[in-house]
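Participant: So that we are looking at the same thing, I have put the structure below in structure tokens.
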Amino acid sequence: MEANGTVLVFGGDRRLTFLAEGLTEYFTEVITYPLHSCDHGKEISDSEIAFLEEAFAKADIIVGPIPFSRDGVHVWSERGKMVTIDVFGEYMQKGQQLFAGKIPETLINKIKEKRVICHDFMKMEQVEEENSLATAEGALAEAITLSVNNLHTGNCLILGYGKCGKAIANLLKGWQIPTTVAVRREEARAEAESQGFHGVLLEQLTERIGSMTFIFNTIPAMVLKGELLDRLEKDAVIVDIASAPGGTDFETCERLGIKAVLSLGIPGRYSPKTSADILLRAMLPICEKEKRL
């Protein structure tokens, strides 16, 4: 492929740093704009505004973070939140392409009149599948770090049996660790049973959760609360990887002395280079098809 065009990589975490490096092999120019300040109250300086206006004006493709925003107002960066979604939309130019994860509908609607083409990484089957594996590995690493127990000595519980739930379950199965999968629907319970896991419905958890040492939640709804948490042993740990605010009552966990974390952006924290390679492989065919390469 003959390299041409300009890419602006904006915000995000370390995976976008590695992605920017990979993109330099395919594009004439790659501009990066990490949000350097962690002072969330600080406004963008005049020099930064001038830089951004120039960068957006010359870019053919914009690559944004995954997720695009965590508070619904600012473009997300691990270094701060200085740029709002509205300002980002104003900077975008007619006919550009935007690659990012979980792009807000408000932004899509705002830039529609500019004929900006949006590509959501988290709606790409290839990215979703490979990310689930990276997420599963990171979730287990989080659990091991949190716990005072060996993973092999405990019983594991996974709430939800979507892509991430299945990936975590399969890793635990490979390590021959007893694993229970709790789900809402009978069909999902039967599927988990068919794969060799102990499947239960969520309403059956009250009787069973007390024996669980490692708990992984993937359900983006408040499921770990009240009596369920009261029944846990004090040395149990909870790794919640559901979208913010997660599905765990963290205040109650703190009161009970249970270690629990909402673990977001695992691929960007635990395997940023591998995760960047996943994004790059997803981007390049689209760019070629759109005649950007």
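By convention here, the chains of the structure tokens are called A, B, ... in the order presented, each chain's residues are numbered starting at 1, and ligands are numbered starting at 1 in the order presented.
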Tell me which protein, DNA and RNA residues are within 10 Å of A:Leu262, counting only C-alpha atoms, leaving out same-chain ones fewer than 2 positions away, and put them as a count of residues only.

Facilitator: 16

Participant: Kindly provide the residues of stretch 181-236 of chain A that approach stretch 119-141 of chain A to within 12 Å, each paired with its closest atom pair and their distance in Å to one decimal, based on only C-alpha atoms, listed by chain and increasing number, as a Markdown table.

Facilitator:
| residue | atom | partner | partner_atom | distance |
| --- | --- | --- | --- | --- |
| A:Phe214 | CA | A:Leu140 | CA | 9.3 |
| A:Ile215 | CA | A:Leu140 | CA | 10.1 |
| A:Phe216 | CA | A:Ala139 | CA | 7.7 |
| A:Asn217 | CA | A:Ala139 | CA | 9.9 |
| A:Thr218 | CA | A:Ala139 | CA | 10.5 |

Participant: Go ahead and dump the residues you just picked, C-alpha atoms, as a PDB file, in the first residue's frame.

Facilitator:
ATOM      1  CA  PHE A 214     -13.630 -14.877  43.095  1.00  0.00           C
ATOM      2  CA  ILE A 215     -16.524 -13.046  41.432  1.00  0.00           C
ATOM      3  CA  PHE A 216     -16.487 -11.503  37.965  1.00  0.00           C
ATOM      4  CA  ASN A 217     -19.404  -9.334  36.927  1.00  0.00           C
ATOM      5  CA  THR A 218     -20.107  -8.551  33.265  1.00  0.00           C
TER       6      THR A 218
END

Participant: Which of these, A:Glu193, A:Glu187, A:Glu78, A:Glu25, has the shortest distance to A:Ala169 once you count only C-alpha atoms?

Facilitator: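 So, comparing all the options, the nearest one is A:Glu193.
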
Participant: Measure the distance from atom CA of A:Ile258 to atom CA of A:Val223 in Å and round it to one decimal.

Facilitator: 15.7 Å

Participant: Pick out the residues sitting within 12 Å of A:Glu203, and hand them over as a list in words; count only C-alpha atoms, and ignore anything fewer than 3 positions along from it in its own chain.

Facilitator: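 Listing them by chain and then by number gives Leu159, Ala182, Val183, Arg184, Arg185, Glu186, Gly199, Val200, Thr206, Glu207, Arg208, Ile209, Val223, Leu224, Glu227 and Leu228 of chain A.
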
Participant: Within stretch 197-241 of chain A, find each residue whose DSSP state, derived from the backbone, is strand (DSSP E), and express the selection as a ChimeraX atom specification.

Facilitator: /A:198-201,214-217,237-240

Participant: Could you tell me how far atom CA of A:Leu146 sits from atom CA of A:Ser263, in Å to one decimal place?

Facilitator: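 Taking atom CA of A:Ser263 as the start and atom CA of A:Leu146 as the end point, the length is 11.8 Å.
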
Participant: What separation in Å, quoted to one decimal, exists between atom CA of A:Phe99 and atom CA of A:Pro65?

Facilitator: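 Separating atom CA of A:Phe99 from atom CA of A:Pro65 is a distance of 8.5 Å.
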
Participant: Got a sec: who's within 10 Å of A:Lys234, counting only C-alpha atoms, leaving out chain neighbours fewer than 6 positions off, as an mmCIF file with N, CA, C and O atoms, in the first residue's frame?

Facilitator:
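To be explicit, this is the file written out as out08.cif:
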data_model
loop_
_atom_site.group_PDB
_atom_site.id
_atom_site.type_symbol
_atom_site.label_atom_id
_atom_site.label_comp_id
_atom_site.auth_asym_id
_atom_site.auth_seq_id
_atom_site.Cartn_x
_atom_site.Cartn_y
_atom_site.Cartn_z
ATOM 1 N N THR A 213 -15.321 -17.352 46.044
ATOM 2 C CA THR A 213 -14.152 -16.580 46.465
ATOM 3 C C THR A 213 -13.775 -15.505 45.453
ATOM 4 O O THR A 213 -13.332 -14.418 45.819
ATOM 5 N N CYS A 253 -19.887 -2.842 49.674
ATOM 6 C CA CYS A 253 -18.663 -3.653 49.723
ATOM 7 C C CYS A 253 -17.640 -3.027 50.663
ATOM 8 O O CYS A 253 -17.017 -3.728 51.478
ATOM 9 N N LEU A 256 -18.624 -3.534 54.233
ATOM 10 C CA LEU A 256 -18.475 -4.921 54.664
ATOM 11 C C LEU A 256 -17.019 -5.391 54.642
ATOM 12 O O LEU A 256 -16.714 -6.501 55.093
ATOM 13 N N GLY A 257 -16.139 -4.566 54.101
ATOM 14 C CA GLY A 257 -14.735 -4.953 54.028
ATOM 15 C C GLY A 257 -14.429 -5.913 52.903
ATOM 16 O O GLY A 257 -13.419 -6.635 52.941
ATOM 17 N N ILE A 258 -15.270 -5.914 51.874
ATOM 18 C CA ILE A 258 -15.060 -6.795 50.720
ATOM 19 C C ILE A 258 -14.297 -6.029 49.643
ATOM 20 O O ILE A 258 -14.661 -4.907 49.285
ATOM 21 N N LYS A 259 -13.236 -6.631 49.142
ATOM 22 C CA LYS A 259 -12.467 -5.979 48.081
ATOM 23 C C LYS A 259 -13.222 -6.079 46.752
ATOM 24 O O LYS A 259 -13.513 -7.188 46.280
#
